[in-house]
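Scroll down for the structure; my scribbles are underneath it.
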2 protein chains.
Amino acid sequence: MARTIDPVRHEARRTAIIDAALTCFAADGFDRATTAAICRTAGIGSGTFFHYFPTKLDVLLAVLELGTAETVAWFAAQQGRTDVGGVLVDHVVHSAAEFADPRVAGFVRAVGAVMNDERVAAALARDEAAVLDGLLPWVEAAQAAGEVRDDVPAARLCAWVLVVLDGFLGRLAGESGFAAAAERDMLVDTVRRLLAPAG
Amino acid sequence: MARTIDPVRHEARRTAIIDAALTCFAADGFDRATTAAICRTAGIGSGTFFHYFPTKLDVLLAVLELGTAETVAWFAAQQGRTDVGGVLVDHVVHSAAEFADPRVAGFVRAVGAVMNDERVAAALARDEAAVLDGLLPWVEAAQAAGEVRDDVPAARLCAWVLVVLDGFLGRLAGESGFAAAAERDMLVDTVRRLLAPAG
DNA sequence: TGAATACTAGAGTGACTGCTCTAGGAAAGG
DNA sequence: CCTTTCCTAGAGCAGTCACTCTAGTATTCA
């Protein structure tokens, strides 16, 4: 036998490629971000790139999966909290904080170009499910506590929270002078109004 | 001299190409929608295509400009109304109705792939300005009448109405079972809550 | 009618890009 | 040490696509 793989080194290299790809996708979109550019950004040759990922699309999928995992981890960390309203607000704040990475908005737009692909659609569905499943029990609890309106089913409310979050993220890229930090409070307020009991 | 151009015939042909391009862009995105596919959809040869538009990108710009013109025309038609709140609601309803064309969401995503282009950015800025400028006087009037909150400047409120509208549009493409018609009332309600005076 | 020009079609071209292939360097085991 | 496998690089290939060119047709004016 000979040389075994070093999982740490392997994972680090892989992550570096993912990060470079995220940068390129965000800047140029999926189709215009060439594999050559990603390799240059990561400081590797194309041979290395295709050693780690069979396809350019697979890197994009890896980025998506990283995001989904982060979401799942965040909700797992909230287990046991009793201030249901606080969790909802914190989730919005947490999302806004992630959007502060200027690459996020560009990457989301890049994903739009390959949404038709079956694997991408599945990954997006998983990602969305992670957020909705994470949010749902808290919204239900808040409804039971009378903190959130109950004239609309909890699942639909969750979907509408995503509407606002997605809209917020979408505006961060245009040069409309829309800054994540400056608009964060307004975002929280908007979600609050969306969820407030009918009055 | 000989043969002069027939403006009617010319415009009709041009519009047909724009419509075919809209269909293709919406379905496949900007880079994956080939000029060949657009020509096939429009039932023309590539010679005709490039006779009307110097570049594939120019067709996309033409689509954007058509949209901007439509927005300007709609707001012009509201001139003289006195029910300021009604105008705001009508605008949301009108937007939702436009989104009912399933190509709109796909097209917006397609535009995202070429947002970095200078001309596209300028066209998007014009489009956004058309909506904001159209909305602003009505929001200001509603504030003066006490129908809309005034703890936030009117311009910023307008930007946030766009956040919600964009988020709504963005969700129409995923297969999340999000339908324009079914969610319209919720959209109106969400904007109402966003604009309601602080309570 | 004839000439000039708008319009149309589609084959061809040049450039680009995702990915493969080969050749070799480096690390782990024996 | 040697062998085996992992890892890396970058030249090259096959395919694709926006756009050009040419040749011809339709339409209007004199």
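Residue numbers start at 1 in each chain; chains themselves are named A, B, ... in the order of the structure tokens; ligands are numbered from 1 in the order shown.
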
Practice task
Show which residues sit within 8 Å of DA6 (chain C), as a list in words. Count only C-alpha atoms (C1' of nucleotides), and ignore same-chain residues fewer than 6 positions away.
Solution key: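 Residues near the query, excluding close chain neighbours: Arg3, Thr4 and Ile5 of chain B; DT27 of chain D.
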
Hey, can you spit out that residue selection with C-alpha atoms (C1' of nucleotides) as a PDB file, in the first residue's frame?
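As a result, result09.pdb now contains:
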ATOM      1  CA  ARG B   3     -38.459  51.346 -51.127  1.00  0.00           C
ATOM      2  CA  THR B   4     -38.992  53.323 -47.928  1.00  0.00           C
ATOM      3  CA  ILE B   5     -39.423  51.624 -44.599  1.00  0.00           C
TER       4      ILE B   5
ATOM      5  C1'  DT D  27     -41.341  46.450 -52.318  1.00  0.00           C
TER       6       DT D  27
END

Exercise for the section: Pick out the chain A residues within 6 Å of chain B. Count only C-alpha atoms. Give them as a PyMOL selection string. Expected result: chain A and resi 29+109+112-113+163-164+166-168+190+193-194

Handout entry: Shell of 9 Å around region 13-18 of chain D, only C-alpha atoms (C1' of nucleotides), local chain residues under 4 positions omitted, as number ranges by chain
Key = B: 34-36, 55-56; C: 16-17, 20

Would you export the selected residues with C-alpha atoms (C1' of nucleotides) as an mmCIF file, in the first residue's frame, please?
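This is the output file selection07.cif:
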data_model
loop_
_atom_site.group_PDB
_atom_site.id
_atom_site.type_symbol
_atom_site.label_atom_id
_atom_site.label_comp_id
_atom_site.auth_asym_id
_atom_site.auth_seq_id
_atom_site.Cartn_x
_atom_site.Cartn_y
_atom_site.Cartn_z
ATOM 1 C CA THR B 34 -29.281 31.127 -27.733
ATOM 2 C CA THR B 35 -29.975 33.565 -30.533
ATOM 3 C CA ALA B 36 -30.814 30.504 -32.614
ATOM 4 C CA THR B 55 -26.660 42.371 -30.220
ATOM 5 C CA LYS B 56 -28.451 39.814 -28.093
ATOM 6 C "C1'" DC C 16 -14.166 30.877 -26.216
ATOM 7 C "C1'" DT C 17 -14.840 27.399 -22.597
ATOM 8 C "C1'" DT C 20 -9.825 15.515 -20.558
#

Can you check which parts of chain A lie within 7 Å of chain D? Per residue, the shortest pair of atoms and distance in Å to one decimal, counting only C-alpha atoms (C1' of nucleotides), sorted by chain and number, as CSV.
residue,atom,partner,partner_atom,distance
A:Met1,CA,D:DT4,C1',6.0
A:Ala2,CA,D:DT4,C1',5.0
A:Arg3,CA,D:DT5,C1',5.5
A:Ile5,CA,D:DC6,C1',7.0
A:Gly45,CA,D:DA9,C1',5.5
A:Gly47,CA,D:DA9,C1',6.3
A:Thr48,CA,D:DT8,C1',5.9

Once you count only C-alpha atoms (C1' of nucleotides), what closest atom pair and distance in Å to one decimal does each residue of chain C within 6 Å of chain B have, with rows by chain and rising residue number, as JSON lines?
{"residue": "C:DA4", "atom": "C1'", "partner": "B:Ala2", "partner_atom": "CA", "distance": 5.2}
{"residue": "C:DT5", "atom": "C1'", "partner": "B:Arg3", "partner_atom": "CA", "distance": 5.7}
{"residue": "C:DT8", "atom": "C1'", "partner": "B:Thr48", "partner_atom": "CA", "distance": 5.9}
{"residue": "C:DA9", "atom": "C1'", "partner": "B:Gly45", "partner_atom": "CA", "distance": 5.5}

If we count only C-alpha atoms (C1' of nucleotides) and set the cut-off at 9 Å, which residues sit around Thr23 (chain A), ignoring sequence neighbours fewer than 6 positions away in its own chain? Please answer as a short mmCIF file (atom, residue, chain, number, x, y, z; two decimals) with C-alpha atoms, in the first residue's frame.
data_model
loop_
_atom_site.label_atom_id
_atom_site.label_comp_id
_atom_site.auth_asym_id
_atom_site.auth_seq_id
_atom_site.Cartn_x
_atom_site.Cartn_y
_atom_site.Cartn_z
CA ILE A 38 -12.09 30.18 -10.42
CA THR A 41 -8.73 32.93 -7.83
CA ARG A 103 -21.12 37.98 -2.24
CA GLY A 106 -24.60 38.05 -6.22
CA PHE A 107 -24.46 34.34 -5.60
#

Exercise for the section: State, in Å with one decimal place, the distance from CA of Val148 (chain A) to CA of Asp133 (chain A). Expected result: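 Going from CA of Val148 (chain A) over to CA of Asp133 (chain A) covers 17.4 Å.
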
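From CA of Ala182 (chain A) back to CA of Thr82 (chain A), the distance works out to 29.1 Å.
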
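Between CA of Asp101 (chain B) and CA of Ala12 (chain B) lies a distance of 20.7 Å.
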